[in-house]
file data-v2.csv (CSV, C-alpha atoms)
chain,number,residue,atom,x,y,z
A,1,MET,CA,-2.8,-18.0,-13.9
A,2,GLN,CA,-6.4,-17.0,-14.3
A,3,LYS,CA,-7.6,-20.2,-12.7
A,4,LYS,CA,-5.4,-19.7,-9.6
A,5,ILE,CA,-6.6,-16.1,-9.2
A,6,HIS,CA,-10.2,-17.3,-9.0
A,7,TYR,CA,-9.2,-19.9,-6.4
A,8,THR,CA,-7.8,-17.2,-4.2
A,9,TYR,CA,-11.0,-15.2,-4.7
A,10,GLU,CA,-13.2,-18.1,-3.6
A,11,MET,CA,-11.1,-18.8,-0.5
A,12,ALA,CA,-11.2,-15.2,0.7
A,13,THR,CA,-14.9,-14.6,0.3
A,14,THR,CA,-15.7,-17.8,2.2
A,15,ASN,CA,-13.9,-16.4,5.2
A,16,THR,CA,-15.0,-12.8,5.0
A,17,ALA,CA,-18.6,-12.9,6.1
A,18,THR,CA,-17.9,-14.9,9.3
A,19,LYS,CA,-14.7,-13.4,10.7
A,20,SER,CA,-14.3,-9.8,9.6
A,21,SER,CA,-16.0,-8.3,12.6
A,22,ASN,CA,-13.2,-9.6,14.9
A,23,ILE,CA,-10.3,-7.9,13.0
A,24,GLN,CA,-8.2,-5.1,14.5
A,25,PRO,CA,-7.9,-2.2,14.0
A,26,ASP,CA,-11.6,-1.7,14.4
A,27,TRP,CA,-13.7,1.1,12.9
A,28,LYS,CA,-13.4,3.3,16.0
A,29,THR,CA,-9.6,3.1,15.7
A,30,ILE,CA,-9.7,4.0,12.1
A,31,LEU,CA,-11.9,7.1,12.8
A,32,GLU,CA,-9.5,8.2,15.6
A,33,ALA,CA,-6.6,7.8,13.2
A,34,HIS,CA,-8.3,9.9,10.6
A,35,ASP,CA,-9.0,12.6,13.1
A,36,ARG,CA,-5.4,12.5,14.2
A,37,ILE,CA,-3.8,12.8,10.8
A,38,ARG,CA,-6.3,15.0,9.0
A,39,PRO,CA,-4.8,18.4,9.9
A,40,ARG,CA,-1.3,17.3,8.6
A,41,ILE,CA,-2.0,15.5,5.3
A,42,HIS,CA,-3.8,16.2,2.0
A,43,GLN,CA,-7.2,14.9,1.3
A,44,THR,CA,-6.0,13.8,-2.2
A,45,PRO,CA,-8.3,14.2,-5.2
A,46,VAL,CA,-10.2,11.4,-6.9
A,47,LEU,CA,-9.8,11.7,-10.7
A,48,THR,CA,-11.3,10.0,-13.7
A,49,SER,CA,-10.3,9.3,-17.3
A,50,ARG,CA,-12.9,8.5,-19.9
A,51,SER,CA,-10.3,7.1,-22.3
A,52,ILE,CA,-8.9,4.7,-19.6
A,53,ASP,CA,-12.5,3.7,-18.7
A,54,GLU,CA,-13.1,2.7,-22.3
A,55,LEU,CA,-9.9,0.6,-22.3
A,56,ALA,CA,-10.9,-1.1,-19.0
A,57,GLY,CA,-14.6,-1.5,-19.7
A,58,ALA,CA,-15.4,0.0,-16.4
A,59,GLN,CA,-15.9,3.3,-14.6
A,60,LEU,CA,-12.6,4.0,-12.8
A,61,PHE,CA,-12.1,6.4,-9.9
A,62,PHE,CA,-8.4,7.1,-9.1
A,63,LYS,CA,-7.5,8.0,-5.5
A,64,CYS,CA,-4.4,10.0,-6.2
A,65,GLU,CA,-2.0,9.3,-3.3
A,66,ASN,CA,0.8,10.2,-5.8
A,67,LEU,CA,-0.2,13.8,-5.0
A,68,GLN,CA,0.0,13.2,-1.2
A,69,LYS,CA,2.6,14.8,1.0
A,70,THR,CA,5.9,13.0,0.6
A,71,GLY,CA,4.5,11.6,-2.7
A,72,SER,CA,2.8,8.6,-1.3
A,73,PHE,CA,0.1,7.2,1.0
A,74,LYS,CA,2.8,6.2,3.5
A,75,ILE,CA,2.6,9.6,5.3
A,76,ARG,CA,-0.9,8.5,6.6
A,77,GLY,CA,0.4,5.6,8.6
A,78,ALA,CA,3.6,7.2,9.6
A,79,THR,CA,1.9,10.3,10.9
A,80,ASN,CA,-0.7,8.2,12.9
A,81,ALA,CA,2.0,6.0,14.4
A,82,ILE,CA,4.4,8.8,15.4
A,83,PHE,CA,1.7,11.1,16.8
A,84,SER,CA,0.3,8.2,18.8
A,85,LEU,CA,3.6,7.8,20.7
A,86,SER,CA,3.8,9.0,24.3
A,87,GLU,CA,6.1,11.8,25.1
A,88,GLU,CA,8.6,9.4,26.7
A,89,GLU,CA,8.6,7.2,23.6
A,90,ALA,CA,8.9,10.1,21.2
A,91,GLN,CA,12.0,11.5,22.9
A,92,ARG,CA,13.7,8.2,22.3
A,93,GLY,CA,13.4,8.7,18.5
A,94,VAL,CA,12.1,6.3,15.9
A,95,VAL,CA,13.7,3.6,13.8
A,96,THR,CA,12.3,2.0,10.6
A,97,HIS,CA,13.4,0.1,7.6
A,98,SER,CA,12.0,0.8,4.1
A,99,SER,CA,12.8,0.8,0.4
A,100,GLY,CA,11.8,4.4,0.3
A,101,ASN,CA,8.3,5.8,0.6
A,102,HIS,CA,7.7,4.7,4.3
A,103,ALA,CA,11.3,6.0,5.0
A,104,ALA,CA,10.5,9.4,3.7
A,105,ALA,CA,7.1,9.5,5.5
A,106,VAL,CA,8.7,8.5,8.8
A,107,ALA,CA,11.4,11.1,8.4
A,108,CYS,CA,8.8,13.8,7.6
A,109,ALA,CA,6.4,12.9,10.4
A,110,ALA,CA,9.3,12.7,12.9
A,111,GLY,CA,10.4,16.2,11.8
A,112,TRP,CA,6.8,17.5,12.4
A,113,ARG,CA,7.0,16.1,15.9
A,114,GLY,CA,10.6,17.3,16.4
A,115,ILE,CA,12.2,13.9,17.1
A,116,ARG,CA,15.1,11.8,15.6
A,117,ALA,CA,14.4,9.4,12.8
A,118,SER,CA,16.9,6.6,12.0
A,119,ILE,CA,16.2,4.9,8.6
A,120,VAL,CA,17.5,1.6,7.2
A,121,MET,CA,17.3,1.5,3.4
A,122,PRO,CA,18.6,-1.1,0.9
A,123,ARG,CA,21.6,-0.2,-1.1
A,124,ASN,CA,19.5,-0.4,-4.3
A,125,ALA,CA,16.8,1.9,-3.2
A,126,PRO,CA,15.9,4.6,-5.8
A,127,LYS,CA,18.1,7.7,-5.4
A,128,VAL,CA,15.0,9.9,-5.5
A,129,LYS,CA,13.7,8.2,-2.4
A,130,CYS,CA,17.0,8.4,-0.6
A,131,ARG,CA,17.2,12.2,-1.4
A,132,ALA,CA,13.7,12.6,0.0
A,133,VAL,CA,14.6,10.9,3.3
A,134,GLU,CA,17.7,13.2,3.7
A,135,TRP,CA,15.6,16.3,2.8
A,136,TYR,CA,13.1,15.5,5.6
A,137,GLY,CA,16.0,15.0,8.1
A,138,GLY,CA,16.2,11.3,8.4
A,139,LYS,CA,19.5,9.6,9.1
A,140,ILE,CA,20.0,6.7,6.6
A,141,THR,CA,21.9,3.5,7.2
A,142,PHE,CA,22.2,1.3,4.1
A,143,CYS,CA,21.8,-2.4,4.2
A,144,GLU,CA,21.9,-5.3,1.7
A,145,PRO,CA,18.8,-5.6,-0.5
A,146,ASN,CA,17.1,-8.5,1.3
A,147,VAL,CA,14.6,-8.9,4.2
A,148,THR,CA,17.1,-10.4,6.6
A,149,SER,CA,19.7,-7.6,6.3
A,150,ARG,CA,17.0,-5.0,6.7
A,151,ALA,CA,15.7,-6.5,9.9
A,152,GLU,CA,19.1,-7.2,11.4
A,153,THR,CA,20.4,-3.7,10.6
A,154,ALA,CA,17.3,-2.1,12.2
A,155,ALA,CA,17.7,-4.3,15.3
A,156,ARG,CA,21.2,-3.1,15.8
A,157,ILE,CA,20.1,0.5,15.5
A,158,LEU,CA,17.3,0.0,17.9
A,159,ALA,CA,19.7,-1.6,20.4
A,160,ALA,CA,22.2,1.3,20.0
A,161,THR,CA,19.7,4.2,20.2
A,162,GLY,CA,16.9,2.9,22.4
A,163,GLY,CA,14.5,4.2,19.7
A,164,VAL,CA,10.9,3.0,19.0
A,165,LEU,CA,10.3,0.8,15.9
A,166,VAL,CA,7.8,2.2,13.4
A,167,HIS,CA,7.4,-0.9,11.3
A,168,PRO,CA,6.3,-0.2,7.7
A,169,TYR,CA,3.2,-2.5,7.9
A,170,ASP,CA,3.2,-4.9,10.9
A,171,ASP,CA,1.6,-2.3,13.2
A,172,ASP,CA,-2.0,-1.6,13.9
A,173,ARG,CA,-1.3,2.2,14.0
A,174,ILE,CA,0.2,2.0,10.5
A,175,ILE,CA,-2.7,0.0,9.1
A,176,ALA,CA,-5.3,2.3,10.7
A,177,GLY,CA,-3.5,5.3,9.1
A,178,GLN,CA,-3.3,3.7,5.7
A,179,SER,CA,-7.0,2.8,5.8
A,180,THR,CA,-7.9,6.5,5.6
A,181,ALA,CA,-7.1,6.6,1.9
A,182,ALA,CA,-9.9,4.1,1.1
A,183,LYS,CA,-12.1,5.7,3.7
A,184,GLU,CA,-11.9,9.0,1.9
A,185,LEU,CA,-12.4,7.3,-1.5
A,186,MET,CA,-15.6,5.5,-0.3
A,187,GLU,CA,-17.0,8.7,1.2
A,188,GLU,CA,-16.4,10.7,-2.0
A,189,VAL,CA,-17.5,8.0,-4.5
A,190,THR,CA,-20.6,6.1,-3.7
A,191,GLY,CA,-21.7,2.7,-5.1
A,192,LEU,CA,-18.3,1.3,-5.8
A,193,ASP,CA,-18.3,-2.4,-6.8
A,194,ALA,CA,-14.7,-3.0,-5.9
A,195,VAL,CA,-11.4,-1.3,-4.9
A,196,LEU,CA,-8.0,-2.3,-6.2
A,197,SER,CA,-4.8,-1.6,-4.2
A,198,PRO,CA,-1.2,-2.6,-4.5
A,199,VAL,CA,0.1,-5.1,-2.0
A,200,SER,CA,3.6,-5.6,-0.6
A,201,GLY,CA,3.8,-6.0,3.2
A,202,GLY,CA,0.1,-5.6,3.3
A,203,GLY,CA,-0.4,-2.4,5.3
A,204,LEU,CA,-2.2,-0.5,2.6
A,205,LEU,CA,-4.2,-3.5,1.3
A,206,SER,CA,-5.2,-4.4,4.9
A,207,GLY,CA,-6.3,-0.9,5.6
A,208,THR,CA,-8.2,-0.7,2.3
A,209,CYS,CA,-10.1,-3.9,3.1
A,210,LEU,CA,-11.1,-2.6,6.6
A,211,ALA,CA,-12.1,0.9,5.4
A,212,ALA,CA,-13.9,-0.2,2.3
A,213,LYS,CA,-15.8,-3.1,3.9
A,214,GLY,CA,-16.4,-1.0,7.0
A,215,THR,CA,-18.2,1.5,4.7
A,216,SER,CA,-20.0,-0.9,2.4
A,217,ALA,CA,-20.5,-4.6,3.1
A,218,ASP,CA,-21.0,-5.3,-0.6
A,219,VAL,CA,-17.8,-3.8,-2.0
A,220,ARG,CA,-15.0,-6.2,-3.1
A,221,VAL,CA,-11.3,-5.5,-2.5
A,222,PHE,CA,-8.5,-6.9,-4.7
A,223,GLY,CA,-4.8,-6.7,-4.1
A,224,CYS,CA,-2.5,-6.3,-7.1
A,225,GLU,CA,1.0,-7.7,-7.1
A,226,PRO,CA,4.0,-8.1,-9.5
A,227,GLN,CA,4.5,-11.7,-10.7
A,228,GLN,CA,8.2,-11.2,-9.7
A,229,ALA,CA,7.2,-10.5,-6.1
A,230,ASP,CA,4.1,-12.8,-5.6
A,231,ASP,CA,4.4,-13.8,-1.9
A,232,ALA,CA,0.9,-12.4,-1.1
A,233,TYR,CA,-0.6,-14.4,-3.9
A,234,ARG,CA,1.2,-17.6,-2.8
A,235,SER,CA,0.4,-17.0,0.8
A,236,LEU,CA,-3.3,-16.6,0.2
A,237,THR,CA,-3.5,-19.4,-2.3
A,238,SER,CA,-1.7,-21.9,0.0
A,239,GLY,CA,-3.1,-20.6,3.3
A,240,THR,CA,0.4,-20.5,4.7
A,241,LEU,CA,2.5,-17.3,5.1
A,242,GLN,CA,5.1,-17.2,2.3
A,243,SER,CA,8.3,-15.1,2.5
A,244,LEU,CA,10.2,-13.3,-0.2
A,245,GLU,CA,13.8,-12.7,0.7
A,246,SER,CA,14.5,-10.4,-2.3
A,247,SER,CA,13.1,-9.4,-5.6
A,248,ASP,CA,14.2,-7.4,-8.6
A,249,THR,CA,10.7,-6.2,-9.7
A,250,ILE,CA,10.7,-2.7,-11.1
A,251,ALA,CA,7.9,-2.0,-8.5
A,252,ASP,CA,10.5,-1.3,-5.8
A,253,GLY,CA,7.9,-0.4,-3.2
A,254,LEU,CA,6.4,-3.9,-3.4
A,255,ARG,CA,9.4,-6.0,-2.6
A,256,ALA,CA,8.5,-6.7,1.1
A,257,SER,CA,6.5,-9.7,2.3
A,258,LEU,CA,3.3,-10.0,4.3
A,259,ALA,CA,3.6,-10.1,8.1
A,260,PRO,CA,1.5,-12.4,10.3
A,261,ARG,CA,-0.7,-9.4,11.2
A,262,THR,CA,-1.4,-8.3,7.6
A,263,PHE,CA,-1.7,-11.9,6.5
A,264,ALA,CA,-4.4,-12.6,9.1
A,265,ILE,CA,-6.4,-9.6,8.0
A,266,LEU,CA,-6.1,-10.4,4.3
A,267,ARG,CA,-7.1,-14.0,4.8
A,268,GLN,CA,-10.4,-12.9,6.2
A,269,CYS,CA,-11.1,-9.8,4.1
A,270,VAL,CA,-9.5,-9.7,0.7
A,271,ASP,CA,-11.4,-11.0,-2.4
A,272,GLY,CA,-8.4,-11.9,-4.5
A,273,ILE,CA,-4.8,-11.1,-5.6
A,274,LEU,CA,-4.2,-10.2,-9.3
A,275,LEU,CA,-0.7,-10.7,-10.7
A,276,VAL,CA,0.8,-8.4,-13.3
A,277,SER,CA,4.0,-8.7,-15.4
A,278,GLU,CA,6.9,-6.2,-15.6
A,279,GLY,CA,5.8,-5.2,-19.1
A,280,GLU,CA,2.2,-4.5,-17.9
A,281,ILE,CA,3.6,-2.3,-15.2
A,282,LEU,CA,5.7,-0.2,-17.6
A,283,ALA,CA,2.9,0.1,-20.1
A,284,THR,CA,0.4,1.3,-17.4
A,285,MET,CA,2.8,4.0,-16.2
A,286,GLN,CA,3.1,5.3,-19.7
A,287,LEU,CA,-0.6,5.2,-20.2
A,288,VAL,CA,-1.4,7.2,-17.1
A,289,TRP,CA,1.3,9.7,-18.1
A,290,GLU,CA,-0.2,10.1,-21.6
A,291,ARG,CA,-3.9,10.1,-20.8
A,292,MET,CA,-4.0,11.7,-17.3
A,293,LYS,CA,-0.8,13.7,-17.4
A,294,MET,CA,0.3,12.3,-14.1
A,295,VAL,CA,3.6,10.6,-13.0
A,296,ILE,CA,3.0,7.5,-11.0
A,297,GLU,CA,5.6,5.1,-9.7
A,298,PRO,CA,5.6,1.4,-10.8
A,299,SER,CA,4.0,0.3,-7.5
A,300,SER,CA,1.0,2.5,-8.3
A,301,ALA,CA,0.7,1.2,-11.8
A,302,VAL,CA,0.3,-2.3,-10.4
A,303,ALA,CA,-3.2,-1.4,-9.2
A,304,LEU,CA,-4.5,-0.4,-12.6
A,305,ALA,CA,-2.5,-2.9,-14.8
A,306,PRO,CA,-4.9,-5.9,-14.4
A,307,LEU,CA,-7.8,-4.0,-15.8
A,308,LEU,CA,-6.0,-3.2,-19.0
A,309,ARG,CA,-5.8,-6.8,-20.2
A,310,LYS,CA,-8.7,-8.5,-21.9
A,311,SER,CA,-9.4,-10.9,-19.0
A,312,GLY,CA,-9.1,-8.3,-16.2
A,313,LEU,CA,-12.8,-7.9,-15.3
A,314,ALA,CA,-13.4,-11.6,-15.7
A,315,GLU,CA,-10.6,-12.4,-13.2
A,316,MET,CA,-12.4,-10.2,-10.7
A,317,GLY,CA,-15.7,-12.0,-11.3
A,318,PHE,CA,-17.4,-9.3,-13.4
A,319,ALA,CA,-19.4,-10.2,-16.5
A,320,GLU,CA,-18.4,-8.7,-19.8
A,321,GLY,CA,-20.3,-5.5,-20.4
A,322,SER,CA,-21.2,-5.0,-16.8
A,323,ASN,CA,-19.4,-1.7,-16.6
A,324,PRO,CA,-18.6,-1.9,-12.8
A,325,ARG,CA,-17.6,1.1,-10.7
A,326,LEU,CA,-14.0,0.5,-9.5
A,327,GLY,CA,-11.8,2.5,-7.1
A,328,ILE,CA,-8.0,2.4,-7.8
A,329,ILE,CA,-5.5,3.4,-5.1
A,330,LEU,CA,-2.6,5.2,-6.9
A,331,SER,CA,-0.2,4.6,-4.0
A,332,GLY,CA,2.6,7.0,-4.9
A,333,GLY,CA,4.5,9.1,-7.5
A,334,ASN,CA,8.1,8.9,-6.4
A,335,VAL,CA,10.0,7.7,-9.5
A,336,GLU,CA,13.5,8.5,-10.9
A,337,LEU,CA,13.0,10.3,-14.2
A,338,LYS,CA,15.9,10.0,-16.6
A,339,TRP,CA,16.1,11.6,-20.0

call {"tool": "encode", "arguments": {"input": "data-v2.csv", "output": "structure tokens"}}
result
Amino acid sequence: MQKKIHYTYEMATTNTATKSSNIQPDWKTILEAHDRIRPRIHQTPVLTSRSIDELAGAQLFFKCENLQKTGSFKIRGATNAIFSLSEEEAQRGVVTHSSGNHAAAVACAAGWRGIRASIVMPRNAPKVKCRAVEWYGGKITFCEPNVTSRAETAARILAATGGVLVHPYDDDRIIAGQSTAAKELMEEVTGLDAVLSPVSGGGLLSGTCLAAKGTSADVRVFGCEPQQADDAYRSLTSGTLQSLESSDTIADGLRASLAPRTFAILRQCVDGILLVSEGEILATMQLVWERMKMVIEPSSAVALAPLLRKSGLAEMGFAEGSNPRLGIILSGGNVELKW
């Protein structure tokens, strides 16, 4: 596995220097998105943990989107997309499909704008996320837990309601909104050597690449992904977009596949994809709870998990003892707690 990860890293860095300036959304669009959403969202804190630094062999800076409104970074993209709609579009209402966090964010942002939100969710979505969507006023239609059923169900609702699709990641407005998390991190913490972010459909990772590299040309960006939902890793390794019809990874927020838009951005900008096991995800959630006293969901844990294994820094190209400064996007904290 380690050899393959380094191959992805080499492929990505070859493309970055020559093509990244042509990517959309551009820096002006990201700045406009941040201005649009800033009054409505939290500027989440950046926290540190000396004990986790020692385990990782690095200086870690955690961008805590688990403390964001609706409990995840998704409110950034959803707010930007929904408040970018014209009045005519907004009055038609919005439609989306999501396993949970984007669904809640769309329902919340639609409520802020006073418009209807129709949400397609898989039947196996966590109950805590379904309850959040209903709390924010979204109307849920359940579908089978696979990509085809999600898309087909959303298409039927779009046809019936005339609503506007707010795609979870295949949308420049979404990507621009998600980019603001890394933008805030880079503005608050200078001299980062790399930023790590979870990857699913690629909206957050694409936005992280654009914001981080738009702020510092030298920073590296790594996506982190479950081994049981490794379509981004396979796509970037092969150079061909790979799909994932379904997955049973515990990281329920990472079960989607890249879209052509996000794949194109990541091929040019990302420095590698790091894979983690289900056991590593669970152990990382427990570690953050014990050492930082924070609840994070499995998808968040994916961004820290690679650094807790002995080979973690080497997989990113850092020498042993180099003590790099690394930003970690903790993407959300919506998890079903059972006692």

call {"tool": "closest_residue", "arguments": {"input": "data-v2.csv", "among": "A:Ala301, A:Met186, A:Val166, A:Ile250", "to": "Val46 of chain A", "atoms": "only C-alpha atoms"}}
result
A:Met186

call {"tool": "residues_around", "arguments": {"input": "data-v2.csv", "residues": "Glu144 of chain A", "least_positions_apart": "4", "cutoff": "6 Å", "atoms": "only C-alpha atoms", "output": "ChimeraX atom specification"}}
result
/A:122-123,149

call {"tool": "write_last_selection", "arguments": {"input": "data-v2.csv", "atoms": "C-alpha atoms", "output": "PDB file, in the frame of the given file"}}
result
ATOM      1  CA  PRO A 122      18.600  -1.100   0.900  1.00  0.00           C
ATOM      2  CA  ARG A 123      21.600  -0.200  -1.100  1.00  0.00           C
ATOM      3  CA  SER A 149      19.700  -7.600   6.300  1.00  0.00           C
TER       4      SER A 149
END

call {"tool": "closest_residue", "arguments": {"input": "data-v2.csv", "among": "A:Glu297, A:Asp252, A:Glu278, A:Glu54", "to": "Leu67 of chain A", "atoms": "all atoms listed in the file"}}
result
A:Glu297

call {"tool": "closest_atom_pairs", "arguments": {"input": "data-v2.csv", "of": "segment 40-105 of chain A", "to": "segment 124-131 of chain A", "cutoff": "12 Å", "atoms": "only C-alpha atoms", "output": "tab-separated table"}}
result
residue	atom	partner	partner_atom	distance
A:Thr70	CA	A:Lys129	CA	9.6
A:Gly71	CA	A:Lys129	CA	9.8
A:Ser72	CA	A:Lys129	CA	11.0
A:His97	CA	A:Ala125	CA	11.5
A:Ser98	CA	A:Ala125	CA	8.8
A:Ser99	CA	A:Ala125	CA	5.5
A:Gly100	CA	A:Lys129	CA	5.0
A:Asn101	CA	A:Lys129	CA	6.6
A:His102	CA	A:Lys129	CA	9.7
A:Ala103	CA	A:Lys129	CA	8.1
A:Ala104	CA	A:Lys129	CA	7.0
A:Ala105	CA	A:Lys129	CA	10.4

call {"tool": "residues_around", "arguments": {"input": "data-v2.csv", "residues": "Ile265 of chain A", "least_positions_apart": "3", "cutoff": "7 Å", "atoms": "only C-alpha atoms", "output": "list in words"}}
result
Ile23, Ser206, Arg261, Thr262, Gln268 and Cys269 of chain A

call {"tool": "atom_distance", "arguments": {"input": "data-v2.csv", "atom1": "atom CA of Tyr233 of chain A", "atom2": "atom CA of Leu282 of chain A"}}
result
20.7 Å

call {"tool": "residues_around", "arguments": {"input": "data-v2.csv", "residues": "segment 28-32 of chain A", "least_positions_apart": "5", "cutoff": "8 Å", "atoms": "all atoms listed in the file", "output": "MDAnalysis selection string"}}
result
chainID A and resid 176:177 179:180 211

call {"tool": "closest_residue", "arguments": {"input": "data-v2.csv", "among": "A:Ile115, A:Ala110, A:Met121, A:Ile174", "to": "Arg76 of chain A", "atoms": "all atoms listed in the file"}}
result
A:Ile174

call {"tool": "residues_around", "arguments": {"input": "data-v2.csv", "residues": "Thr148 of chain A", "least_positions_apart": "3", "cutoff": "8 Å", "atoms": "all atoms listed in the file", "output": "number ranges by chain"}}
result
A: 151-152, 245

call {"tool": "closest_residue", "arguments": {"input": "data-v2.csv", "among": "A:Pro298, A:Gly223, A:Gly57, A:Gly202", "to": "Ala259 of chain A", "atoms": "only C-alpha atoms"}}
result
A:Gly202

call {"tool": "closest_residue", "arguments": {"input": "data-v2.csv", "among": "A:Asp193, A:Asp271, A:Glu280, A:Asp35", "to": "Pro226 of chain A", "atoms": "only C-alpha atoms"}}
result
A:Glu280

call {"tool": "atom_distance", "arguments": {"input": "data-v2.csv", "atom1": "atom CA of Arg116 of chain A", "atom2": "atom CA of Val94 of chain A"}}
result
6.3 Å

call {"tool": "atom_distance", "arguments": {"input": "data-v2.csv", "atom1": "atom CA of Leu158 of chain A", "atom2": "atom CA of Trp135 of chain A"}}
result
22.3 Å

call {"tool": "decode", "arguments": {"input": "data-v2.csv", "residues": "segment 189-234 of chain A", "atoms": "C-alpha atoms", "output": "compact mmCIF listing (two decimals), in the first residue's frame"}}
result
# COMPACT_ATOMS: atom_id res chain seq x y z
CA VAL A 189 -1.78 29.27 11.17
CA THR A 190 1.20 30.33 9.09
CA GLY A 191 3.95 28.11 7.75
CA LEU A 192 1.96 24.90 7.32
CA ASP A 193 3.84 22.21 5.42
CA ALA A 194 0.71 20.25 4.51
CA VAL A 195 -3.05 20.05 5.05
CA LEU A 196 -4.97 16.79 5.37
CA SER A 197 -8.66 16.49 4.54
CA PRO A 198 -11.14 13.64 4.16
CA VAL A 199 -12.30 12.83 0.64
CA SER A 200 -15.60 11.43 -0.57
CA GLY A 201 -17.20 13.20 -3.52
CA GLY A 202 -14.28 15.61 -3.41
CA GLY A 203 -15.94 18.94 -2.65
CA LEU A 204 -14.05 19.54 0.60
CA LEU A 205 -10.72 18.20 -0.69
CA SER A 206 -11.00 20.21 -3.92
CA GLY A 207 -11.79 23.35 -1.97
CA THR A 208 -8.97 22.62 0.47
CA CYS A 209 -6.52 22.29 -2.42
CA LEU A 210 -7.63 25.56 -4.01
CA ALA A 211 -7.61 27.56 -0.78
CA ALA A 212 -4.40 26.12 0.66
CA LYS A 213 -2.39 26.39 -2.54
CA GLY A 214 -3.98 29.75 -3.31
CA THR A 215 -2.57 30.99 -0.01
CA SER A 216 0.82 29.24 -0.11
CA ALA A 217 2.41 27.75 -3.21
CA ASP A 218 4.61 25.48 -1.08
CA VAL A 219 1.95 23.76 1.02
CA ARG A 220 1.06 20.17 0.19
CA VAL A 221 -2.49 18.78 0.39
CA PHE A 222 -3.39 15.15 1.06
CA GLY A 223 -6.76 13.47 0.86
CA CYS A 224 -7.58 10.73 3.37
CA GLU A 225 -9.94 7.90 2.53
CA PRO A 226 -11.21 4.60 3.98
CA GLN A 227 -9.78 1.48 2.38
CA GLN A 228 -13.38 0.27 2.04
CA ALA A 229 -14.34 3.35 -0.03
CA ASP A 230 -11.16 3.95 -2.04
CA ASP A 231 -12.52 5.30 -5.32
CA ALA A 232 -10.53 8.56 -5.11
CA TYR A 233 -7.31 6.64 -4.53
CA ARG A 234 -8.07 4.31 -7.46
